[in-house]
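**Student:** Structure file start-v4.txt (compact mmCIF, C-alpha atoms and all ligand atoms) is given on the next line.
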# COMPACT_ATOMS: atom_id res chain seq x y z
CA MET A 23 15.51 -30.62 -2.78
CA ALA A 24 12.97 -27.80 -2.56
CA THR A 25 10.50 -28.13 0.30
CA THR A 26 6.88 -27.47 -0.51
CA PHE A 27 5.01 -25.24 1.88
CA SER A 28 1.29 -25.31 2.44
CA LEU A 29 -1.23 -22.99 4.02
CA PRO A 30 -1.32 -23.38 7.82
CA PRO A 31 -4.86 -23.60 9.16
CA LEU A 32 -6.16 -20.63 11.14
CA PRO A 33 -6.16 -21.39 14.87
CA TYR A 34 -9.76 -20.04 15.12
CA ALA A 35 -12.85 -19.64 12.94
CA TYR A 36 -12.92 -17.00 10.19
CA ASP A 37 -15.56 -15.02 12.07
CA ALA A 38 -13.88 -15.34 15.50
CA LEU A 39 -12.31 -11.88 15.33
CA GLU A 40 -15.61 -10.09 14.66
CA PRO A 41 -16.40 -7.28 15.13
CA VAL A 42 -12.77 -6.12 15.01
CA ILE A 43 -11.84 -7.99 11.82
CA CYS A 44 -14.75 -9.27 9.79
CA LYS A 45 -15.14 -12.77 8.40
CA GLN A 46 -14.82 -11.68 4.76
CA ILE A 47 -11.45 -10.03 5.37
CA MET A 48 -10.15 -13.09 7.23
CA GLU A 49 -11.30 -15.48 4.49
CA ILE A 50 -9.73 -13.54 1.62
CA HIS A 51 -6.62 -12.69 3.63
CA HIS A 52 -5.96 -16.31 4.61
CA GLN A 53 -7.29 -18.29 1.64
CA LYS A 54 -6.21 -15.92 -1.15
CA HIS A 55 -3.43 -13.57 -0.05
CA HIS A 56 -1.49 -15.94 2.20
CA GLN A 57 -2.03 -18.82 -0.26
CA THR A 58 -0.62 -16.69 -3.11
CA TYR A 59 2.58 -15.99 -1.16
CA ILE A 60 2.96 -19.74 -0.57
CA THR A 61 2.25 -20.65 -4.19
CA ASN A 62 4.80 -18.10 -5.43
CA LEU A 63 7.34 -19.11 -2.79
CA ASN A 64 7.09 -22.76 -3.83
CA ALA A 65 7.49 -21.78 -7.50
CA ALA A 66 10.55 -19.64 -6.69
CA LEU A 67 12.15 -22.40 -4.58
CA SER A 68 11.56 -24.93 -7.32
CA ALA A 69 13.13 -22.60 -9.88
CA GLN A 70 16.01 -22.13 -7.46
CA SER A 71 16.60 -25.90 -7.31
CA THR A 72 16.72 -26.06 -11.08
CA ALA A 73 19.06 -23.08 -11.27
CA LEU A 74 21.30 -24.58 -8.59
CA ALA A 75 21.52 -27.89 -10.44
CA ALA A 76 22.40 -26.01 -13.63
CA ASN A 77 24.91 -23.83 -11.77
CA ASN A 78 23.03 -20.82 -13.18
CA ILE A 79 24.26 -18.04 -10.91
CA PRO A 80 22.51 -15.10 -12.63
CA GLN A 81 19.21 -16.96 -12.29
CA LEU A 82 19.94 -17.77 -8.62
CA ILE A 83 20.52 -14.07 -7.94
CA ASN A 84 17.44 -13.12 -9.96
CA LEU A 85 15.31 -15.35 -7.72
CA GLN A 86 16.48 -13.84 -4.45
CA GLN A 87 13.94 -11.00 -4.38
CA LYS A 88 11.04 -13.36 -5.19
CA ILE A 89 12.08 -15.64 -2.36
CA LYS A 90 12.45 -12.72 0.03
CA PHE A 91 9.06 -11.23 -0.86
CA ASN A 92 7.02 -14.43 -0.97
CA GLY A 93 8.94 -16.18 1.80
CA GLY A 94 8.50 -13.06 3.89
CA GLY A 95 4.78 -13.00 3.08
CA HIS A 96 4.49 -16.62 4.22
CA ILE A 97 6.47 -16.08 7.43
CA ASN A 98 4.74 -12.82 8.34
CA HIS A 99 1.21 -14.10 7.85
CA SER A 100 1.97 -17.38 9.67
CA LEU A 101 3.18 -15.34 12.65
CA PHE A 102 0.27 -12.90 12.38
CA TRP A 103 -2.56 -15.46 12.56
CA LYS A 104 -1.12 -16.75 15.83
CA ASN A 105 -0.75 -13.19 17.12
CA LEU A 106 -4.52 -12.83 17.03
CA ALA A 107 -7.16 -14.40 19.25
CA PRO A 108 -10.95 -14.40 19.36
CA HIS A 109 -12.49 -11.19 20.56
CA ALA A 110 -12.85 -11.10 24.38
CA SER A 111 -11.07 -14.44 24.82
CA PRO A 112 -8.72 -14.83 27.85
CA GLU A 113 -5.72 -14.64 25.48
CA THR A 114 -6.53 -10.97 24.82
CA ASN A 115 -6.12 -10.05 28.48
CA ILE A 116 -2.53 -8.86 28.98
CA ASP A 117 -2.67 -9.13 32.79
CA GLN A 118 -3.52 -12.81 32.75
CA ALA A 119 -1.86 -13.90 29.54
CA ALA A 120 1.43 -11.98 29.51
CA PRO A 121 2.65 -10.95 33.01
CA VAL A 122 6.35 -11.18 32.12
CA LEU A 123 6.04 -9.28 28.86
CA LYS A 124 3.80 -6.71 30.50
CA ALA A 125 6.44 -6.01 33.14
CA ALA A 126 9.10 -5.64 30.44
CA ILE A 127 6.87 -3.28 28.44
CA GLU A 128 6.18 -1.16 31.54
CA ALA A 129 9.87 -1.06 32.40
CA GLN A 130 10.78 0.17 28.92
CA TYR A 131 7.82 2.31 27.86
CA GLY A 132 6.45 3.52 31.22
CA SER A 133 3.05 1.94 30.76
CA VAL A 134 1.15 -0.36 28.43
CA GLU A 135 -0.85 2.66 27.22
CA LYS A 136 2.31 4.56 26.30
CA PHE A 137 3.62 1.50 24.51
CA LYS A 138 0.37 1.17 22.53
CA GLU A 139 0.61 4.84 21.55
CA ALA A 140 4.16 4.42 20.32
CA PHE A 141 3.31 1.20 18.48
CA GLY A 142 0.24 2.81 16.89
CA ALA A 143 2.31 5.79 15.74
CA THR A 144 4.77 3.44 14.04
CA LEU A 145 1.92 1.58 12.31
CA LEU A 146 0.28 4.79 11.11
CA GLY A 147 3.60 6.25 10.00
CA LEU A 148 4.27 3.50 7.47
CA GLN A 149 4.44 4.94 3.97
CA GLY A 150 3.00 2.21 1.78
CA SER A 151 2.60 -1.48 2.52
CA GLY A 152 4.37 -3.04 5.46
CA TRP A 153 4.26 -4.37 9.00
CA GLY A 154 4.79 -3.07 12.49
CA TRP A 155 6.52 -5.38 15.00
CA LEU A 156 7.36 -5.60 18.64
CA VAL A 157 10.69 -7.40 18.63
CA ALA A 158 12.96 -8.63 21.41
CA ASN A 159 16.72 -8.80 21.23
CA GLY A 160 16.71 -12.53 21.98
CA PRO A 161 14.34 -14.33 24.37
CA GLY A 162 13.62 -12.08 27.36
CA GLY A 163 15.78 -9.39 25.79
CA LYS A 164 15.41 -5.66 25.21
CA LEU A 165 12.20 -4.68 23.44
CA GLU A 166 11.96 -2.50 20.35
CA ILE A 167 9.22 -1.33 17.99
CA VAL A 168 10.23 -1.68 14.35
CA SER A 169 8.51 -1.53 10.98
CA THR A 170 9.35 -3.57 7.90
CA LYS A 171 8.39 -2.62 4.37
CA ASP A 172 6.28 -4.73 2.01
CA GLN A 173 6.86 -8.34 3.12
CA ASP A 174 10.35 -8.00 4.56
CA PRO A 175 10.42 -10.37 7.53
CA VAL A 176 12.11 -9.86 10.88
CA THR A 177 15.08 -12.21 10.76
CA ASP A 178 17.60 -10.97 13.30
CA LYS A 179 15.37 -10.48 16.36
CA VAL A 180 12.49 -12.33 18.02
CA PRO A 181 9.20 -11.10 16.51
CA VAL A 182 7.02 -10.97 19.65
CA PHE A 183 4.05 -9.87 17.55
CA GLY A 184 3.38 -8.14 14.26
CA VAL A 185 0.51 -6.20 12.72
CA ASP A 186 -0.21 -6.32 9.01
CA MET A 187 -0.59 -2.78 7.65
CA TRP A 188 -1.22 -3.71 4.03
CA GLU A 189 -4.53 -2.22 2.93
CA HIS A 190 -5.89 -5.72 2.24
CA ALA A 191 -5.75 -6.34 6.02
CA TYR A 192 -8.49 -3.81 6.78
CA TYR A 193 -9.86 -2.07 3.70
CA LEU A 194 -13.15 -3.97 3.25
CA GLN A 195 -14.15 -2.94 6.77
CA TYR A 196 -12.28 0.25 7.62
CA PHE A 197 -11.59 1.81 4.17
CA ASN A 198 -9.07 4.63 4.59
CA ASN A 199 -9.69 4.78 8.34
CA LYS A 200 -6.66 2.77 9.30
CA ALA A 201 -6.47 4.39 12.75
CA SER A 202 -9.66 2.52 13.73
CA TYR A 203 -8.15 -0.77 12.59
CA VAL A 204 -5.05 -0.04 14.68
CA GLU A 205 -7.18 0.79 17.72
CA GLY A 206 -9.23 -2.37 17.25
CA ILE A 207 -6.29 -4.72 16.91
CA TRP A 208 -5.55 -4.57 20.67
CA LYS A 209 -8.93 -6.21 21.33
CA VAL A 210 -7.89 -9.31 19.37
CA LEU A 211 -4.22 -9.41 20.22
CA ASN A 212 -3.09 -12.81 21.48
CA TRP A 213 -0.96 -11.83 24.47
CA ARG A 214 -0.40 -15.48 25.38
CA THR A 215 1.46 -16.11 22.11
CA ALA A 216 3.34 -12.83 22.60
CA GLU A 217 4.37 -13.90 26.13
CA ASP A 218 5.52 -17.26 24.89
CA ARG A 219 7.60 -15.78 22.07
CA PHE A 220 9.09 -13.18 24.39
CA LYS A 221 10.16 -15.85 26.88
CA ASN A 222 11.13 -18.65 24.50
CA GLY A 223 11.57 -17.21 21.01
CA VAL A 224 9.40 -18.08 18.05
CA GLU A 225 7.88 -21.53 18.21
CA GLY A 226 10.05 -23.97 16.28
CA SER A 227 7.30 -24.73 13.84
CA ALA A 228 8.55 -26.46 10.69
CA LEU A 229 6.36 -24.25 8.54
CA LEU A 230 8.59 -21.27 9.26
CA LYS A 231 11.84 -23.04 8.51
CA LEU A 232 12.98 -22.51 4.96
CA MET F 25 -24.12 9.64 -7.92
CA ALA F 26 -26.23 12.79 -8.22
CA ALA F 27 -25.24 14.01 -4.75
CA SER F 28 -21.53 13.80 -5.46
CA LEU F 29 -22.06 15.55 -8.80
CA ILE F 30 -23.64 18.48 -6.99
CA ARG F 31 -20.76 18.63 -4.53
CA THR F 32 -18.29 18.67 -7.40
CA SER F 33 -20.18 21.51 -9.09
CA ALA F 34 -20.31 23.51 -5.87
CA ARG F 35 -16.56 23.20 -5.47
CA THR F 36 -16.01 24.26 -9.06
CA ALA F 37 -18.14 27.36 -8.52
CA LEU F 38 -16.16 28.26 -5.41
CA ARG F 39 -12.91 27.81 -7.27
CA ALA F 40 -14.17 30.02 -10.13
CA GLY F 41 -14.83 32.80 -7.61
CA ALA F 42 -11.19 32.68 -6.56
CA SER F 43 -9.84 32.86 -10.07
CA ALA F 44 -6.74 34.77 -9.03
CA THR F 45 -5.45 31.54 -7.42
CA PRO F 46 -1.93 30.94 -8.69
CA LYS F 47 -1.45 27.75 -10.67
CA ALA F 48 1.52 25.48 -10.09
CA ALA F 49 4.00 25.05 -12.86
CA GLY F 50 4.50 21.54 -14.20
CA VAL F 51 1.42 19.44 -13.60
CA ALA F 52 -1.50 21.26 -15.20
CA GLY F 53 -4.11 20.05 -12.72
CA LEU F 54 -2.28 20.90 -9.52
CA THR F 55 -4.14 23.73 -7.88
CA PHE F 56 -3.19 25.92 -4.95
CA ALA F 57 -5.15 28.40 -2.85
CA ARG F 58 -3.32 30.95 -0.71
CA GLY F 59 -0.10 28.98 -1.22
CA LYS F 60 -1.67 25.68 -0.15
CA ALA F 61 -2.25 22.57 -2.21
CA THR F 62 -5.94 21.81 -2.72
CA LEU F 63 -7.85 18.78 -3.93
CA PRO F 64 -8.48 19.13 -7.68
CA ASP F 65 -11.99 18.49 -8.99
CA LEU F 66 -12.61 15.44 -11.10
CA ALA F 67 -13.63 16.12 -14.70
CA TYR F 68 -16.28 13.38 -14.39
CA ASP F 69 -18.75 11.94 -11.90
CA TYR F 70 -17.56 9.38 -9.34
CA GLY F 71 -19.72 6.69 -10.97
CA ALA F 72 -18.71 7.55 -14.53
CA LEU F 73 -15.87 5.00 -14.74
CA GLU F 74 -18.12 2.02 -13.96
CA PRO F 75 -17.90 -0.87 -14.53
CA SER F 76 -14.09 -0.58 -14.70
CA ILE F 77 -13.83 1.31 -11.40
CA SER F 78 -16.80 1.52 -9.04
CA GLY F 79 -18.23 4.84 -7.87
CA LYS F 80 -17.54 3.90 -4.24
CA ILE F 81 -13.84 3.38 -4.98
CA MET F 82 -13.61 6.66 -6.88
CA GLU F 83 -15.34 8.61 -4.12
CA LEU F 84 -13.16 7.23 -1.30
CA HIS F 85 -10.04 7.45 -3.42
CA HIS F 86 -10.58 11.10 -4.35
CA LYS F 87 -12.35 12.55 -1.29
CA ASN F 88 -10.48 10.64 1.39
CA HIS F 89 -7.17 9.24 0.15
CA HIS F 90 -6.17 12.10 -2.13
CA GLN F 91 -7.45 14.68 0.38
CA THR F 92 -5.26 13.12 3.09
CA TYR F 93 -2.18 13.47 0.88
CA VAL F 94 -3.09 17.12 0.26
CA ASN F 95 -3.61 17.86 3.96
CA SER F 96 -0.46 16.05 5.08
CA TYR F 97 1.59 17.70 2.36
CA ASN F 98 0.38 21.13 3.51
CA THR F 99 1.24 20.30 7.12
CA ALA F 100 4.74 19.15 6.14
CA ILE F 101 5.30 22.30 4.07
CA GLU F 102 4.23 24.51 6.98
CA GLN F 103 6.72 22.71 9.20
CA LEU F 104 9.36 23.09 6.51
CA GLN F 105 8.74 26.83 6.26
CA GLU F 106 9.13 27.14 10.04
CA ALA F 107 12.33 25.11 9.94
CA VAL F 108 13.73 27.25 7.11
CA ALA F 109 12.87 30.40 9.05
CA LYS F 110 14.70 29.01 12.08
CA GLU F 111 17.58 27.74 9.94
CA ASP F 112 16.93 24.32 11.47
CA ILE F 113 18.59 21.99 8.98
CA THR F 114 17.96 18.77 10.91
CA THR F 115 14.20 19.31 10.82
CA GLN F 116 14.33 20.23 7.13
CA ILE F 117 16.08 16.96 6.33
CA ASN F 118 13.71 15.02 8.60
CA LEU F 119 10.75 16.35 6.61
CA LYS F 120 12.05 15.15 3.26
CA PRO F 121 10.44 11.68 3.32
CA LEU F 122 7.08 13.18 4.34
CA ILE F 123 7.20 15.73 1.53
CA ASN F 124 8.20 13.03 -0.95
CA PHE F 125 5.38 10.75 0.22
CA HIS F 126 2.51 13.19 0.58
CA GLY F 127 3.62 15.57 -2.17
CA GLY F 128 4.14 12.52 -4.39
CA GLY F 129 0.69 11.23 -3.45
CA HIS F 130 -0.82 14.57 -4.45
CA ILE F 131 1.04 14.75 -7.77
CA ASN F 132 0.42 11.11 -8.67
CA HIS F 133 -3.31 11.17 -7.99
CA THR F 134 -3.76 14.48 -9.80
CA LEU F 135 -2.11 13.01 -12.90
CA PHE F 136 -4.09 9.78 -12.48
CA TRP F 137 -7.53 11.45 -12.44
CA GLU F 138 -6.55 13.32 -15.60
CA ASN F 139 -5.44 10.22 -17.42
CA LEU F 140 -8.81 8.53 -16.82
CA ALA F 141 -12.08 9.30 -18.62
CA PRO F 142 -15.51 7.73 -18.92
CA LYS F 143 -16.16 5.85 -22.16
CA SER F 144 -18.66 8.55 -23.13
CA GLN F 145 -15.83 11.10 -22.95
CA GLY F 146 -13.34 9.12 -25.01
CA GLY F 147 -12.12 6.70 -22.33
CA GLY F 148 -10.44 3.68 -23.90
CA GLU F 149 -10.17 5.21 -27.37
CA PRO F 150 -6.69 4.29 -28.66
CA PRO F 151 -4.01 6.97 -29.01
CA SER F 152 -3.29 8.55 -32.36
CA GLY F 153 -0.54 10.60 -34.02
CA ALA F 154 2.97 10.83 -32.65
CA LEU F 155 2.19 8.95 -29.43
CA ALA F 156 0.62 6.02 -31.30
CA LYS F 157 3.70 5.89 -33.50
CA ALA F 158 6.06 5.97 -30.52
CA ILE F 159 4.14 3.14 -28.81
CA ASP F 160 4.22 1.02 -31.97
CA GLU F 161 7.93 1.65 -32.42
CA SER F 162 8.80 0.95 -28.78
CA PHE F 163 6.48 -1.94 -28.00
CA GLY F 164 5.27 -3.34 -31.34
CA SER F 165 1.62 -2.49 -30.77
CA LEU F 166 -0.74 -0.92 -28.28
CA GLY F 167 -1.79 -4.41 -27.16
CA GLU F 168 1.80 -5.41 -26.46
CA PHE F 169 2.39 -2.20 -24.53
CA GLN F 170 -0.70 -2.92 -22.43
CA SER F 171 0.48 -6.47 -21.62
CA LYS F 172 3.90 -5.19 -20.61
CA MET F 173 2.35 -2.45 -18.47
CA ASN F 174 0.05 -5.02 -16.84
CA ALA F 175 3.02 -7.30 -16.14
CA ALA F 176 4.87 -4.37 -14.56
CA LEU F 177 1.82 -3.55 -12.41
CA ALA F 178 1.42 -7.18 -11.33
CA GLY F 179 5.11 -7.34 -10.39
CA ILE F 180 4.97 -4.48 -7.89
CA GLN F 181 5.80 -5.95 -4.46
CA GLY F 182 3.82 -3.78 -2.10
CA SER F 183 2.24 -0.39 -2.87
CA GLY F 184 3.22 1.63 -5.90
CA TRP F 185 2.56 2.85 -9.40
CA ALA F 186 3.48 1.90 -12.95
CA TRP F 187 4.07 4.70 -15.44
CA LEU F 188 4.56 5.16 -19.11
CA VAL F 189 7.36 7.73 -19.04
CA LYS F 190 9.33 9.79 -21.52
CA ASP F 191 13.09 9.96 -21.09
CA LYS F 192 13.93 13.66 -21.19
CA GLN F 193 17.47 12.89 -22.45
CA THR F 194 16.59 10.62 -25.36
CA GLY F 195 12.92 11.31 -26.02
CA ASN F 196 12.28 7.56 -25.79
CA ILE F 197 9.24 6.20 -23.98
CA GLY F 198 9.26 3.27 -21.57
CA ILE F 199 7.57 1.62 -18.60
CA LYS F 200 8.82 2.27 -15.07
CA THR F 201 7.48 1.29 -11.67
CA TYR F 202 7.77 3.44 -8.55
CA ALA F 203 7.36 2.35 -4.92
CA ASN F 204 4.70 3.83 -2.64
CA GLN F 205 4.10 7.46 -3.66
CA ASP F 206 7.49 8.15 -5.20
CA PRO F 207 6.68 10.60 -7.99
CA VAL F 208 8.10 10.57 -11.50
CA VAL F 209 10.70 13.35 -11.36
CA GLY F 210 14.17 13.99 -12.69
CA GLN F 211 15.21 12.28 -15.91
CA PHE F 212 11.72 11.00 -16.68
CA GLN F 213 8.46 12.73 -17.46
CA PRO F 214 5.19 11.03 -16.47
CA LEU F 215 2.82 10.31 -19.36
CA LEU F 216 0.37 7.70 -18.04
CA GLY F 217 0.15 6.36 -14.50
CA ILE F 218 -1.81 3.50 -12.99
CA ASP F 219 -2.29 3.29 -9.24
CA ALA F 220 -1.43 -0.20 -7.98
CA TRP F 221 -2.15 0.48 -4.31
CA GLU F 222 -4.75 -1.91 -2.95
CA HIS F 223 -7.09 1.01 -2.14
CA ALA F 224 -7.36 1.65 -5.90
CA TYR F 225 -9.22 -1.59 -6.55
CA TYR F 226 -9.82 -3.63 -3.40
CA LEU F 227 -13.52 -2.89 -2.80
CA GLN F 228 -14.35 -4.17 -6.27
CA TYR F 229 -11.63 -6.69 -7.16
CA GLN F 230 -10.15 -7.76 -3.77
CA ASN F 231 -7.09 -9.94 -4.43
CA ARG F 232 -7.95 -10.29 -8.16
CA LYS F 233 -5.81 -7.32 -9.13
CA ALA F 234 -5.11 -8.63 -12.64
CA GLU F 235 -8.81 -8.05 -13.42
CA TYR F 236 -8.47 -4.41 -12.37
CA PHE F 237 -5.33 -3.95 -14.47
CA SER F 238 -7.12 -5.32 -17.52
CA ALA F 239 -10.39 -3.41 -16.97
CA ILE F 240 -8.75 -0.01 -16.53
CA TRP F 241 -7.78 0.25 -20.21
CA ASP F 242 -11.47 0.86 -21.02
CA VAL F 243 -11.28 4.19 -19.17
CA ILE F 244 -7.80 5.42 -20.10
CA ASN F 245 -7.86 8.96 -21.46
CA TRP F 246 -5.30 8.71 -24.25
CA LYS F 247 -6.00 12.30 -25.29
CA ALA F 248 -4.53 13.46 -21.95
CA VAL F 249 -1.52 11.20 -22.47
CA GLU F 250 -0.99 12.61 -25.98
CA LYS F 251 -1.04 16.13 -24.55
CA ARG F 252 1.68 15.24 -22.03
CA PHE F 253 3.74 13.52 -24.72
CA SER F 254 3.75 16.44 -27.14
FE FE J 301 -17.95 -7.97 7.12
FE FE J 302 -1.59 -9.49 4.64
FE FE J 303 -4.30 5.88 -4.73
Any chance you could give the structure as structure tokens?

**Tutor:**
Amino acid sequence: MATTFSLPPLPYAYDALEPVICKQIMEIHHQKHHQTYITNLNAALSAQSTALAANNIPQLINLQQKIKFNGGGHINHSLFWKNLAPHASPETNIDQAAPVLKAAIEAQYGSVEKFKEAFGATLLGLQGSGWGWLVANGPGGKLEIVSTKDQDPVTDKVPVFGVDMWEHAYYLQYFNNKASYVEGIWKVLNWRTAEDRFKNGVEGSALLKL
Amino acid sequence: MAASLIRTSARTALRAGASATPKAAGVAGLTFARGKATLPDLAYDYGALEPSISGKIMELHHKNHHQTYVNSYNTAIEQLQEAVAKEDITTQINLKPLINFHGGGHINHTLFWENLAPKSQGGGEPPSGALAKAIDESFGSLGEFQSKMNAALAGIQGSGWAWLVKDKQTGNIGIKTYANQDPVVGQFQPLLGIDAWEHAYYLQYQNRKAEYFSAIWDVINWKAVEKRFS
């Protein structure tokens, strides 16, 4: 009954985001952190199957938070890897890669710069671990900047792109200087993926379907 | 670590010159100058907790992370004072999460530095007296308490702290976890806190946080915990 999830491969090499995100961070983040969310999600789903078969309702309720946290961790990181692209690749050029999204951003925020400022402020305002997201109210819909705590995923809107603000995402390179990480992220943002999600919703990849 | 030791001494000397500085009630180590929160000195060198916690982690954690909580707390309090003066209730309420977060960060780290000590200064030496008895009665043994505390730390989903607390109503001790920088206030009194934010261990342990949780017991200052308990 329970599906088993496995680690999706990175769509680029571990060192492809240098110098913005170093190879060591990418390796540990993908191979260890993301893998741990998947391992714990699979364990929780398997326990859920057993509890369901046994009609054990307290246990089913007890497992909800584990599924939310680890399922969220799996979803968020799967989305995040595809939100990033090699440094100076064509995907990181908003003009070429995301004309429709760019126009929508300009219409709502005045300019791309103003949008980046607002997005950066949301990222830096997070108190503890969490994510910042640009979401759309349905494909092509109204844009909004939101943050989610810990590994809470975006479930009711289209996550156009998200930025991981857990310390593990930047600490080995930026230490407490998270503002530099936030500034750098725009240089490796995959605007092509963002454009595609904005126009069509999140890719119907089986790995994100629970 | 000689350079950082000198800096610490210099700060201590400066502080001694301003001995009229009022002390905050409650947490013994919380210091204020001219009504502002200030970064407390460590009672040991940044490298003194090695190999449990590296000198680099201690230096960044104290000089950068804790200092940022102090600065941001002071900024929020200034804004609060302005809002109070203007009778601006909306702004006062808006500032509450910032005061909780940065004030909590200041309180938590101040308590944390105090409940750590190098091995040469008694770090890791088991508790004695009434606290030892309370731990045995509540958890069975010190070892069992440590496993339960480590399990609580490992179970934190995101950033946060685990504390050994004393229930002010019953006098009982127990383990509680707190999200982000939520401080131990109200019904419970903080006795021993362990920082489970990634910045507390990442440079040395990366994702292997269980190794950090097990190594930290070698530098726990149980004497400081006993003082808080009594
Ligand atoms: Fe590196
Ligand atoms: Fe992450
Ligand atoms: Fe900390």

**Student:** Per residue of chain A within 9 Å of ligand FE 302 (chain J), what are the shortest atom pair and its distance in Å to one decimal, counting only C-alpha atoms and all ligand atoms, with rows by chain and residue number, as a tab-separated table?

**Tutor:**
residue	atom	partner	partner_atom	distance
A:His51	CA	J:FE302	FE	6.0
A:His52	CA	J:FE302	FE	8.1
A:His55	CA	J:FE302	FE	6.5
A:His56	CA	J:FE302	FE	6.9
A:Gly95	CA	J:FE302	FE	7.4
A:Asn98	CA	J:FE302	FE	8.1
A:His99	CA	J:FE302	FE	6.3
A:Phe102	CA	J:FE302	FE	8.7
A:Gly152	CA	J:FE302	FE	8.8
A:Trp153	CA	J:FE302	FE	8.9
A:Gln173	CA	J:FE302	FE	8.7
A:Val185	CA	J:FE302	FE	9.0
A:Asp186	CA	J:FE302	FE	5.6
A:Met187	CA	J:FE302	FE	7.4
A:Trp188	CA	J:FE302	FE	5.8
A:Glu189	CA	J:FE302	FE	8.0
A:His190	CA	J:FE302	FE	6.2
A:Ala191	CA	J:FE302	FE	5.4

**Student:** Show me, as a list in words, the residues that have an atom within 7 Å of range 171-186 of chain F when counting all atoms listed in the file, minus same-chain residues fewer than 5 positions from it.

**Tutor:**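 Result of the neighbour search: Gly150, Ser151 and Asp172 of chain A; Ile199, Lys200, Thr201, Tyr202, Ala203, Asn204, Gln205, Gly217, Ile218, Asp219, Ala220, Trp221, Ala234 and Phe237 of chain F.
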
**Student:** Store the residues picked out above, limited to C-alpha atoms, as a tab-separated table (two decimals), in the coordinates of the input.

**Tutor:**
chain	number	residue	atom	x	y	z
A	150	GLY	CA	3.00	2.21	1.78
A	151	SER	CA	2.60	-1.48	2.52
A	172	ASP	CA	6.28	-4.73	2.01
F	199	ILE	CA	7.57	1.62	-18.60
F	200	LYS	CA	8.82	2.27	-15.07
F	201	THR	CA	7.48	1.29	-11.67
F	202	TYR	CA	7.77	3.44	-8.55
F	203	ALA	CA	7.36	2.35	-4.92
F	204	ASN	CA	4.70	3.83	-2.64
F	205	GLN	CA	4.10	7.46	-3.66
F	217	GLY	CA	0.15	6.36	-14.50
F	218	ILE	CA	-1.81	3.50	-12.99
F	219	ASP	CA	-2.29	3.29	-9.24
F	220	ALA	CA	-1.43	-0.20	-7.98
F	221	TRP	CA	-2.15	0.48	-4.31
F	234	ALA	CA	-5.11	-8.63	-12.64
F	237	PHE	CA	-5.33	-3.95	-14.47

**Student:** Identify, counting all atoms listed in the file, the protein, DNA and RNA residues located within 9 Å of ligand FE 301 (chain J), and give them as a ChimeraX atom specification.

**Tutor:** /A:37,40-41,43-47,194-195

**Student:** With distances taken over all atoms listed in the file, which of A:Glu205, A:Ala107, A:Gly93, A:Leu165 is nearest to Glu139 in chain A?

**Tutor:** A:Glu205

**Student:** To one decimal in Å, tell me the separation between CA of Thr62 in chain F and CA of Val94 in chain F.

**Tutor:**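 One can read the CA of Thr62 in chain F to CA of Val94 in chain F distance as 6.2 Å.
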
**Student:** With a distance cut-off of 8 Å and all atoms listed in the file, select the neighbouring residues of Gly154 in chain A, excluding the residue or stretch itself and same-chain residues fewer than 5 positions from it, and output the selection as a list of chain:residue names.

**Tutor:**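 Residues near the query, excluding close chain neighbours: A:Phe141, A:Thr144, A:Leu145, A:Ile167, A:Val168, A:Ser169, A:Thr170, A:Gly184, A:Val185, A:Asp186, A:Met187.
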
**Student:** Rounded to one decimal, what separation in Å do you get between CA of Leu85 in chain A and CA of Asn231 in chain F?

**Tutor:**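 One can read the CA of Leu85 in chain A to CA of Asn231 in chain F distance as 23.3 Å.
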
**Student:** Pick from F:Leu215, F:Ala248, F:Ile81, F:Leu140: nearest to chain A, with only C-alpha atoms counted?

**Tutor:**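 Distance minimum relative to chain A lands on F:Ile81.
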
**Student:** Using only C-alpha atoms and all ligand atoms for the distances, tell me which of A:Asn198, A:Asn222, A:Gln118, A:Ser71 is nearest to ligand FE 303 (chain J).

**Tutor:**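 Answer, going by the shortest atom-to-atom distance: A:Asn198.
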
**Student:** Any idea what the distance is between CA of Pro175 in chain A and CA of Val204 in chain A?

**Tutor:**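 It comes out at 19.9 Å.
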
**Student:** Here is a test: counting only C-alpha atoms and all ligand atoms, which residue of F:Gly129, F:Gly79, F:Gly59, F:Gly71 is nearest to ligand FE 303 (chain J)?

**Tutor:**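 Closest to ligand FE 303 (chain J), using only C-alpha atoms and all ligand atoms: F:Gly129.
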
**Student:** Restricting the calculation to all atoms listed in the file, which member of F:Gly164, F:Gly210, F:Gly148, F:Pro121 is positioned closest to chain A?

**Tutor:** F:Pro121

**Student:** Which polymer residues have any atom within 8 Å of an atom of Ala110 in chain A, counting all atoms listed in the file, with same-chain residues fewer than 2 positions away left out, as a ChimeraX atom specification?

**Tutor:** /A:108,112,114-115,209-210

**Student:** Keeping only C-alpha atoms, take the residues you just selected and write them out as a JSON list (two decimals), in the frame of the given file.

**Tutor:**
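Result file out20.json:
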[["chain", "number", "residue", "atom", "x", "y", "z"],
["A", 108, "PRO", "CA", -10.95, -14.40, 19.36],
["A", 112, "PRO", "CA", -8.72, -14.83, 27.85],
["A", 114, "THR", "CA", -6.53, -10.97, 24.82],
["A", 115, "ASN", "CA", -6.12, -10.05, 28.48],
["A", 209, "LYS", "CA", -8.93, -6.21, 21.33],
["A", 210, "VAL", "CA", -7.89, -9.31, 19.37]]

**Student:** Which residue out of F:Tyr68, F:Tyr226, F:Phe212, F:Tyr97 has the minimum interatomic distance to chain A when all atoms listed in the file are used?

**Tutor:**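 Looking at the shortest contact to chain A, the residue is F:Tyr226.
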
**Student:** Which residues come within 10 Å of Asn212 in chain A, counting all atoms listed in the file, excluding same-chain residues fewer than 4 positions away, as a PyMOL selection string?

**Tutor:** chain A and resi 102-109+111-116+119-120+183+207-208+216-217
